[in-house]
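To start, the structure under review is shown below, and the notes come after it.
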Amino acid sequence: MRVLKERERVWNVVGQRLPRVDGWAKVSGRAQYTDDLSLPGMLFGKLVRSTHAHAKLVSVRLERALQLPGVVAAITGRDVPVRYSVFPVGQDETALAVDKVRYVGEPVAALAAVDPYTAEEAARLVEVEYEPLPARMDLEEALRNPEPRIHEYGPFGNVHRLASLEFGDVEVGFAEADHVREDLFFYEGSTHAPLEPHSALAWWDPGARKLTLWTSHQGPHYLHRGLAKALGLEEHQVRVVVPAVGGGFGGKLDIFHHEVCAAKLSMLTGRPVKITLTREEVFYAHRGRHPELLRIRTGVKRDGRITAMHVEAYLDGGAYCSFGPATMLYAGTQQPVTYRIPHYRFQAVRVFTNKPPCGPKRGHGTPQARCALEVHLDKLSEELGLDPVELRLRNLTGPNELTVNWLEITSNGLRACIEKVVEASGWHERRGRLPYGRGLGFACSAYLTGAGGSIYYSDMPHSEVHLRVDRSGGVTVYTMATEIGQGSATAVATIVAEVLGLQPQDVSLVTSDTDLTPIDLGSYSSRVTLMVGNAAYEAACRVRDLLFEAVAERLQVPRSRLVARSRRIFDEANPQVGGSFAQAAQWAEARFGCLATSGSYRPPQKLGTYKGSGVGPSPAYTFSACVAEVQADPETGEVKVERVWVAHDIGRALNPVLVEGQVEGSVHMALGEALMEEQAFRKELHRGPSWLDYKVPTVYEMPEVITFLVETEEPRAPFSAKEVGQGPLLCVVPAILNAIADALKVRVDEVPATPERVLKALEEQRKGRTGRVGPTKVPPFSFPPPERVPRPQSWEEAAQPA
């Protein structure tokens with residue numbers, strides 16, 4: 001991999017506040033989303049969904065539906081019986097239920113008709129007979145009642161996955177502590193709420209014997225692979241194309257029922273079939289935040305230095321695997337990235353329940369544990385008589401450090417992030433001194449910049465880019481990276497434009513088409529800027545080398561003096577000697593022929609070798625710090641977040657406008673999770689989910705956001721650019737909860753912190769009890785003895801302040 005050391009350069013476009021390359025298409029309405037597409041002879045599909053949370057599927061009768069005029073085809077689980085999943089260890093889903101249903105809303109049949117209204121009417125005519133089974137609606141109930149099992153695989157009962165790891169010797173660490181504290185915290189599940197619902201349009205070409213699927217999706221590579229398996233096709237018979245995507249946040253990464261069903265119905269009818277989910281159906285598709293119960297126990301010295309930590313995580317995974325194995329491990333990997341923890345034990349269990357499956361919502365397993373940890377540290381600081389900020393500062397990791405769980409930190413700007421928000425918010429002057437009902441809260445966090453491993457292990461690149469320059473000077477980049485609103489298209493165009501001396505608008509992109517673009521593993525784990533960016537950088541440097549060689553030969557200028565800037569390639573010592581980029585392209589094509597290059601990227605090899613060590617390593621990590629100011633009404637329990645200060649270690653901002661937009665988007669999503677969003681399920685609730693029940697912050701609830709971009713030198717990233725799509729979210733939720741505690745002197749140890757919960761905590765306080773609302777016990781479960789992993793031999797040296 002090329003190591004980039006270009007901080008001293010005069011930037012052409014990096015760091016400039018430029019518009020998005022796809023901005024005009026989106027604001028003008030010209031962008032084409034999946035549901036905007038239409039093909040001749042297109043049919044409209046509809047899924048028939050279970051009305052039972054857990055039941056044997058006795059029969060599914062289609063006769064009445066098929067007799068309805070306009071209905072062309074219908075299928076059941078017997079037509080698509082192959083099991084699949086994104087993860088190789090959890091091949092447990094079918095496009096339609098085969099033997100039994102495992103949650104309300106699980107599809108049991110699918111139909112195709114000449115219009116959506118006929119399809120919807122036909123769905124009501126499908127007759128389904130169920131034999132009800134006991135439904136397990138939360139993790140404690142699922143653990144207490146191992147039979148009947150929701151799935152027949154897993155270690156036992158309704159347990160899906162287990163982890164039990166220890167780094168160092170936790171008991172030794174606790175024995176060294178002067179003070180030990182234990183806390184319980186619950187983080188309710190939530191869903192993604194993208195503007196665009198899921199949609200798929202499939203067309204089977206009988207002549208070519210090839211399936212093309214246009215779909216709103218974040219990971220076309222894994223979908224391409226899964227579709228082929230589910231439909232019994234060779235991978236070369238499947239093409240996945242992703243048009244514009246109206247938001248994903250992790251909710252469009254799985255292989256979804258409507259995608260497989262649309263494809264199967266097209267194969268049966270020979271006509272294109274489109275299935276677009278209603279808003280209610282998006283709630284059933286879910287793959288959102290895992291409800292999670294956490295127990296954290298930490299030992300500290302009198303000065304606040306951590307000696308040991310033990311984290312237990314209980315995850316409610318819903319009915320299927322999804323990304324659950326990784327989500328479970330992510331609950332424990334990131335704590336030692338922010339804080340030096342000499343001895344660390346992490347134990348987790350993911351449990352199946354009869355609810356829509358949970359998956360990789362923004363932050364993917366890390367927000368729950370981060371929230372619990374940052375609230376826990378605030379309580380520790382109070383008991384020690386330390387300022388909460390000071391406690392963190394005494395335990396921070398530094399740059400070029402190896403964590404106790406074998407994760408390699410390169411750049412680290414957390415200390416600078418903390419200093420920025422503390423100063424700007426007037427933390428030391430105002431915290432604890434505001435009038436009753438107003439308060440400040442603080443928290444910090446870390447996140448990945450790309451996943452260190454692939455879902456299916458291979459030694460092939462994780463990201464590849466093709467780049468072509470034509471004789472008119474046109475530059476086209478081919479990448480499978482999916483633009484889901486996060487700005488990946490602009491980031492890739494900016495990197496290529498910087499190398500070639502162009503503007504981002506000069507770079508055309510062909511994206512997310514498995515027939516036309518080289519492999520990229522998907523838009524998840526904040527991987528695109530670094531991983532695809534490095535591949536794009538490599539491809540651009542290679543074509544720049546060809547251009548420079550041709551220009552140097554044509555103009556008789558030393559190649560070492562050439563620069564690319566302002567759409568020209570010229571002699572830096574004598575700028576008048578040179579030519580336009582288009583001229584340079586013509587000279588290079590005359591010299592070398594077709595100008596086409598490629599670039600690829602593989603992450604560094606992970607250092608840990610223990611089971612589960614593939615989840616957590618990242619080429620680089622970002623760090624964030626936040627102070628939130630709230631106004632909490634003790635009469636109504638209503639909490640209003642008035643101002644949020646966020647500092648984010650971005651490495652280098654390729655485009656500050658996009659970075660600030662991502663930070664503000666993180667604050668918006670965090671605000672919802674902290675105060676109002678919860679996708680809760682109850683046995684007695686028979687109506688479907690809707691926007692009437694699920695509250696999302698509007699523009700009126702959005703606070704003022706003051707953003708600081710902290711720049712650090714990141715040798716593994718293109719132009720030092722690290723992630724911003726997920727990291728800033730993690731610290732905002734606990735900062736809000738800590739601000740409520742400062743305002744009202746009570747603790748809400750669960751989210752969302754609704755008015756009802758705030759009032760309950762205040763009522764407990766008035767009764768003379770601890771002013772707290774939250775979990776009081778963990779489920780009846782015994783973790784297996786942890787696998788003891790030795791600390792890295794160099795840990796003592798690596799963990800010292802830089």
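How things are named: the first chain in the structure tokens is A, the next is B, and so on; residues count from 1 in each chain; ligands count from 1 in the order shown.
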
Give me, as a tab-separated table, the closest atom pair and its distance (Å, one decimal) for every residue of region 642-723 of chain A within a cut-off of 6 Å of region 406-424 of chain A, counting only C-alpha atoms, rows sorted by chain and rising number.
residue	atom	partner	partner_atom	distance
A:Trp645	CA	A:Val421	CA	5.7
A:Ala647	CA	A:Cys417	CA	4.9
A:Asp649	CA	A:Gly413	CA	5.4
A:Glu714	CA	A:Ser411	CA	5.4

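Residues in contact with Ala446 (chain A) at 6 Å, where only C-alpha atoms are counted and same-chain residues fewer than 4 positions away are skipped, are listed as A:Thr338, A:Thr622, A:Phe623.
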
Could you save the residues just selected, with N, CA, C and O atoms, as a CSV table (one decimal), in the first residue's frame?
chain,number,residue,atom,x,y,z
A,338,THR,N,-10.6,3.8,23.3
A,338,THR,CA,-10.6,5.2,23.9
A,338,THR,C,-9.8,5.2,25.2
A,338,THR,O,-9.1,6.2,25.5
A,622,THR,N,-11.3,6.7,14.3
A,622,THR,CA,-11.7,8.1,14.6
A,622,THR,C,-12.1,8.3,16.0
A,622,THR,O,-12.5,7.3,16.7
A,623,PHE,N,-12.0,9.5,16.5
A,623,PHE,CA,-12.3,9.8,17.9
A,623,PHE,C,-13.2,11.0,18.0
A,623,PHE,O,-13.0,11.9,17.2

Inset, instruction - Go ahead and compute the interatomic distance for CA of Leu467 (chain A) and CA of Ala244 (chain A), in Å to one decimal. - result: 21.2 Å

Inset, instruction - Identify, on the basis of only C-alpha atoms, every residue whose closest approach to Cys626 (chain A) does not exceed 8 Å; exclude the query and any residue fewer than 2 positions from it along the same chain; express the result as a PyMOL selection string. - result: chain A and resi 418+421+442-444+624+628+644-647+731-732+735

Suppose we keep N, CA, C and O atoms; can you now write the selection as an mmCIF file, in the first residue's frame?
data_model
loop_
_atom_site.group_PDB
_atom_site.id
_atom_site.type_symbol
_atom_site.label_atom_id
_atom_site.label_comp_id
_atom_site.auth_asym_id
_atom_site.auth_seq_id
_atom_site.Cartn_x
_atom_site.Cartn_y
_atom_site.Cartn_z
ATOM 1 N N ILE A 418 -11.448 16.657 23.012
ATOM 2 C CA ILE A 418 -11.961 16.992 24.334
ATOM 3 C C ILE A 418 -11.684 18.458 24.662
ATOM 4 O O ILE A 418 -12.564 19.188 25.153
ATOM 5 N N VAL A 421 -14.249 20.901 22.803
ATOM 6 C CA VAL A 421 -15.639 21.016 23.276
ATOM 7 C C VAL A 421 -15.705 21.540 24.692
ATOM 8 O O VAL A 421 -16.656 22.250 25.053
ATOM 9 N N PHE A 442 -21.162 15.355 29.271
ATOM 10 C CA PHE A 442 -19.967 15.125 28.452
ATOM 11 C C PHE A 442 -19.825 13.635 28.152
ATOM 12 O O PHE A 442 -20.215 12.781 28.959
ATOM 13 N N ALA A 443 -19.277 13.322 26.989
ATOM 14 C CA ALA A 443 -18.928 11.937 26.654
ATOM 15 C C ALA A 443 -17.960 11.963 25.486
ATOM 16 O O ALA A 443 -17.855 12.948 24.755
ATOM 17 N N CYS A 444 -17.260 10.856 25.306
ATOM 18 C CA CYS A 444 -16.392 10.727 24.135
ATOM 19 C C CYS A 444 -16.472 9.303 23.596
ATOM 20 O O CYS A 444 -17.091 8.416 24.196
ATOM 21 N N SER A 624 -14.156 11.030 18.897
ATOM 22 C CA SER A 624 -15.084 12.145 19.010
ATOM 23 C C SER A 624 -15.290 12.501 20.471
ATOM 24 O O SER A 624 -15.181 11.636 21.355
ATOM 25 N N ALA A 628 -23.248 18.239 25.619
ATOM 26 C CA ALA A 628 -24.640 18.559 25.311
ATOM 27 C C ALA A 628 -25.212 19.421 26.427
ATOM 28 O O ALA A 628 -24.932 19.198 27.609
ATOM 29 N N VAL A 644 -25.401 21.437 21.150
ATOM 30 C CA VAL A 644 -24.469 20.313 21.167
ATOM 31 C C VAL A 644 -23.147 20.779 20.563
ATOM 32 O O VAL A 644 -23.117 21.324 19.455
ATOM 33 N N TRP A 645 -22.079 20.563 21.303
ATOM 34 C CA TRP A 645 -20.735 20.815 20.792
ATOM 35 C C TRP A 645 -20.096 19.465 20.475
ATOM 36 O O TRP A 645 -20.025 18.586 21.349
ATOM 37 N N VAL A 646 -19.657 19.265 19.262
ATOM 38 C CA VAL A 646 -19.052 17.997 18.858
ATOM 39 C C VAL A 646 -17.714 18.284 18.195
ATOM 40 O O VAL A 646 -17.625 19.131 17.283
ATOM 41 N N ALA A 647 -16.695 17.576 18.631
ATOM 42 C CA ALA A 647 -15.390 17.626 17.963
ATOM 43 C C ALA A 647 -15.071 16.233 17.455
ATOM 44 O O ALA A 647 -15.238 15.242 18.179
ATOM 45 N N CYS A 731 -21.038 9.419 20.859
ATOM 46 C CA CYS A 731 -20.848 10.156 22.103
ATOM 47 C C CYS A 731 -22.017 11.071 22.441
ATOM 48 O O CYS A 731 -22.117 11.559 23.574
ATOM 49 N N VAL A 732 -22.918 11.297 21.493
ATOM 50 C CA VAL A 732 -23.986 12.267 21.726
ATOM 51 C C VAL A 732 -25.037 11.722 22.682
ATOM 52 O O VAL A 732 -25.514 12.437 23.577
ATOM 53 N N ALA A 735 -23.891 11.805 26.276
ATOM 54 C CA ALA A 735 -23.730 13.198 26.708
ATOM 55 C C ALA A 735 -25.083 13.793 27.100
ATOM 56 O O ALA A 735 -25.188 14.544 28.084
#

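Nearest to Leu509 (chain A) of all the residues A:Cys594, A:Ala163, A:Val21, A:Val375 is A:Val21, counting only C-alpha atoms.
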
Inset, instruction - Just the residues within 12 Å of Asn158 (chain A), please, counting only C-alpha atoms, with nothing from its chain fewer than 2 positions along; format it as a PyMOL selection string. - result: chain A and resi 135-156+160-162+315-321+349-354+781

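With distances restricted to only C-alpha atoms, A:Leu293 is the closest residue to Val778 (chain A) from A:Leu293, A:Ala193, A:Leu18, A:Ala743.
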
Legend entry - Residue nearest Val82 (chain A) among A:His310, A:Gly226, A:His217, A:Asp387 (counting only C-alpha atoms): A:Gly226

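Restricting the calculation to only C-alpha atoms, the smallest distance between Val104 (chain A) and any of A:Thr276, A:Arg287, A:Pro689, A:Arg602 is found for A:Pro689.
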
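For the set A:Arg652, A:Arg392, A:Arg567, A:Arg757, the residue with the smallest atom-to-atom gap to Ala674 (chain A) is A:Arg757, counting only C-alpha atoms.
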
Legend entry - Close residues, Leu500 (chain A) itself excluded, 12 Å, only C-alpha atoms, min 5 positions apart in chain, as a ChimeraX atom specification: /A:11-13,467,469,473-475,493-495,506-507,536-548,562-570,580-582,584-585

Legend entry - Nearby residues (only C-alpha atoms) at most 10 Å from Asp79 (chain A), same-chain spacing under 4 positions excluded, as a list in words: Ala74, Ile75, Ala95, Leu96, Val98, Ala109, Leu231, Cys261, Lys264 and Leu265 of chain A

Next, the residues of the selection above should be written as a tab-separated table (two decimals), in the first residue's frame with C-alpha atoms.
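Contents of out-v8.tsv, freshly written:
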chain	number	residue	atom	x	y	z
A	74	ALA	CA	-47.93	-16.43	-6.85
A	75	ILE	CA	-45.31	-18.32	-4.85
A	95	ALA	CA	-37.28	-15.66	1.04
A	96	LEU	CA	-40.66	-16.96	2.27
A	98	VAL	CA	-41.20	-22.71	4.84
A	109	ALA	CA	-46.28	-15.79	0.14
A	231	LEU	CA	-32.30	-18.76	-6.71
A	261	CYS	CA	-39.23	-12.77	-4.39
A	264	LYS	CA	-38.28	-15.43	-8.56
A	265	LEU	CA	-41.58	-14.00	-9.81

Using only C-alpha atoms, find each residue of region 502-540 of chain A with at least one atom at most 8 Å away from an atom of region 488-492 of chain A; report its shortest atom-to-atom pair and that distance in Å (one decimal), sort the rows by chain and rising residue number, and return the result as CSV.
residue,atom,partner,partner_atom,distance
A:Pro504,CA,A:Thr490,CA,7.0
A:Leu509,CA,A:Ala489,CA,7.4
A:Val528,CA,A:Ser488,CA,6.5
A:Thr529,CA,A:Ala491,CA,6.4
A:Val532,CA,A:Val492,CA,7.3
A:Gly533,CA,A:Val492,CA,5.7
A:Ala536,CA,A:Val492,CA,6.6

Saved selection, atoms kept: N, CA, C and O atoms, as a short mmCIF file (atom, residue, chain, number, x, y, z; two decimals), in the first residue's frame:
data_model
loop_
_atom_site.label_atom_id
_atom_site.label_comp_id
_atom_site.auth_asym_id
_atom_site.auth_seq_id
_atom_site.Cartn_x
_atom_site.Cartn_y
_atom_site.Cartn_z
N PRO A 504 -13.74 18.02 -8.77
CA PRO A 504 -14.56 16.81 -8.62
C PRO A 504 -15.63 16.67 -9.70
O PRO A 504 -15.94 15.55 -10.13
N LEU A 509 -18.61 9.15 -12.53
CA LEU A 509 -18.57 7.91 -11.77
C LEU A 509 -19.59 6.92 -12.30
O LEU A 509 -20.74 7.28 -12.54
N VAL A 528 -15.71 3.36 3.20
CA VAL A 528 -15.55 3.78 1.81
C VAL A 528 -14.43 4.81 1.64
O VAL A 528 -13.59 4.67 0.75
N THR A 529 -14.41 5.85 2.47
CA THR A 529 -13.42 6.92 2.26
C THR A 529 -12.00 6.37 2.29
O THR A 529 -11.19 6.67 1.42
N VAL A 532 -11.99 2.44 -0.31
CA VAL A 532 -12.17 2.75 -1.73
C VAL A 532 -11.30 3.94 -2.11
O VAL A 532 -10.76 4.00 -3.22
N GLY A 533 -11.16 4.88 -1.18
CA GLY A 533 -10.31 6.05 -1.45
C GLY A 533 -8.88 5.66 -1.75
O GLY A 533 -8.24 6.23 -2.65
N ALA A 536 -8.81 4.22 -5.24
CA ALA A 536 -8.93 5.30 -6.23
C ALA A 536 -7.64 6.11 -6.32
O ALA A 536 -7.22 6.51 -7.42
#

Legend entry - Near-Lys695 (chain A) list (7 Å; only C-alpha atoms; drop same-chain fewer than 4 positions) as a list in words: Met676, Glu677 and Trp691 of chain A

Backbone DSSP call of alpha helix (DSSP H) for region 69-210 of chain A, listed as an mmCIF file with N, CA and C atoms, in the first residue's frame:
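Listed below is the output, out_26.cif:
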data_model
loop_
_atom_site.group_PDB
_atom_site.id
_atom_site.type_symbol
_atom_site.label_atom_id
_atom_site.label_comp_id
_atom_site.auth_asym_id
_atom_site.auth_seq_id
_atom_site.Cartn_x
_atom_site.Cartn_y
_atom_site.Cartn_z
ATOM 1 N N PRO A 116 -50.440 -2.355 -8.698
ATOM 2 C CA PRO A 116 -50.240 -2.554 -7.251
ATOM 3 C C PRO A 116 -51.542 -2.771 -6.491
ATOM 4 N N TYR A 117 -52.649 -2.220 -6.970
ATOM 5 C CA TYR A 117 -53.919 -2.371 -6.254
ATOM 6 C C TYR A 117 -54.438 -3.804 -6.360
ATOM 7 N N THR A 118 -54.287 -4.396 -7.546
ATOM 8 C CA THR A 118 -54.686 -5.792 -7.707
ATOM 9 C C THR A 118 -53.799 -6.699 -6.856
ATOM 10 N N ALA A 119 -52.519 -6.407 -6.824
ATOM 11 C CA ALA A 119 -51.604 -7.213 -6.010
ATOM 12 C C ALA A 119 -51.983 -7.138 -4.540
ATOM 13 N N GLU A 120 -52.336 -5.953 -4.087
ATOM 14 C CA GLU A 120 -52.711 -5.802 -2.682
ATOM 15 C C GLU A 120 -54.016 -6.551 -2.377
ATOM 16 N N GLU A 121 -54.979 -6.487 -3.298
ATOM 17 C CA GLU A 121 -56.230 -7.204 -3.096
ATOM 18 C C GLU A 121 -55.998 -8.710 -3.094
ATOM 19 N N ALA A 122 -55.131 -9.171 -4.004
ATOM 20 C CA ALA A 122 -54.831 -10.600 -4.074
ATOM 21 C C ALA A 122 -54.180 -11.092 -2.789
ATOM 22 N N ALA A 123 -53.325 -10.264 -2.196
ATOM 23 C CA ALA A 123 -52.658 -10.657 -0.950
ATOM 24 C C ALA A 123 -53.676 -10.935 0.148
ATOM 25 N N ARG A 124 -54.773 -10.187 0.149
ATOM 26 C CA ARG A 124 -55.808 -10.405 1.166
ATOM 27 C C ARG A 124 -56.580 -11.709 0.940
ATOM 28 N N LEU A 125 -56.482 -12.247 -0.278
ATOM 29 C CA LEU A 125 -57.209 -13.479 -0.596
ATOM 30 C C LEU A 125 -56.400 -14.743 -0.312
ATOM 31 N N LEU A 139 -35.385 -10.799 25.556
ATOM 32 C CA LEU A 139 -34.277 -11.740 25.764
ATOM 33 C C LEU A 139 -34.413 -12.520 27.059
ATOM 34 N N GLU A 140 -34.970 -11.899 28.109
ATOM 35 C CA GLU A 140 -35.121 -12.647 29.361
ATOM 36 C C GLU A 140 -36.120 -13.785 29.194
ATOM 37 N N GLU A 141 -37.229 -13.510 28.516
ATOM 38 C CA GLU A 141 -38.232 -14.547 28.285
ATOM 39 C C GLU A 141 -37.657 -15.662 27.418
ATOM 40 N N ALA A 142 -36.854 -15.292 26.408
ATOM 41 C CA ALA A 142 -36.266 -16.301 25.530
ATOM 42 C C ALA A 142 -35.253 -17.162 26.272
ATOM 43 N N LEU A 143 -34.510 -16.571 27.210
ATOM 44 C CA LEU A 143 -33.539 -17.352 27.979
ATOM 45 C C LEU A 143 -34.229 -18.243 29.018
ATOM 46 N N ARG A 144 -35.305 -17.763 29.620
ATOM 47 C CA ARG A 144 -36.013 -18.550 30.634
ATOM 48 C C ARG A 144 -36.778 -19.721 30.019
ATOM 49 N N VAL A 170 -8.258 -10.051 34.910
ATOM 50 C CA VAL A 170 -9.194 -9.071 35.467
ATOM 51 C C VAL A 170 -9.222 -9.124 36.992
ATOM 52 N N GLU A 171 -9.144 -10.318 37.553
ATOM 53 C CA GLU A 171 -9.195 -10.402 39.020
ATOM 54 C C GLU A 171 -7.983 -9.712 39.642
ATOM 55 N N VAL A 172 -6.835 -9.840 39.008
ATOM 56 C CA VAL A 172 -5.650 -9.115 39.486
ATOM 57 C C VAL A 172 -5.885 -7.615 39.407
ATOM 58 N N GLY A 173 -6.489 -7.179 38.289
ATOM 59 C CA GLY A 173 -6.756 -5.758 38.116
ATOM 60 C C GLY A 173 -7.717 -5.214 39.154
ATOM 61 N N PHE A 174 -8.761 -5.981 39.478
ATOM 62 C CA PHE A 174 -9.698 -5.527 40.500
ATOM 63 C C PHE A 174 -9.043 -5.525 41.888
ATOM 64 N N ALA A 175 -8.152 -6.464 42.127
ATOM 65 C CA ALA A 175 -7.453 -6.493 43.421
ATOM 66 C C ALA A 175 -6.559 -5.264 43.594
ATOM 67 N N GLU A 176 -6.077 -4.721 42.488
ATOM 68 C CA GLU A 176 -5.218 -3.528 42.541
ATOM 69 C C GLU A 176 -6.022 -2.237 42.693
#

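Counting from CA of Glu750 (chain A), the distance to CA of Arg370 (chain A) is 12.7 Å.
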
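DSSP secondary structure from the backbone places Leu43, Phe44, Gly45, Lys46, Leu47, Val48, Arg49, Ala55, Lys56, Leu57, Val58, Ser59, Val60, Arg61, Val71, Val72, Ala73, Ala74, Ile75, Thr76 and Tyr84 of chain A of region 39-90 of chain A in strand (DSSP E or B).
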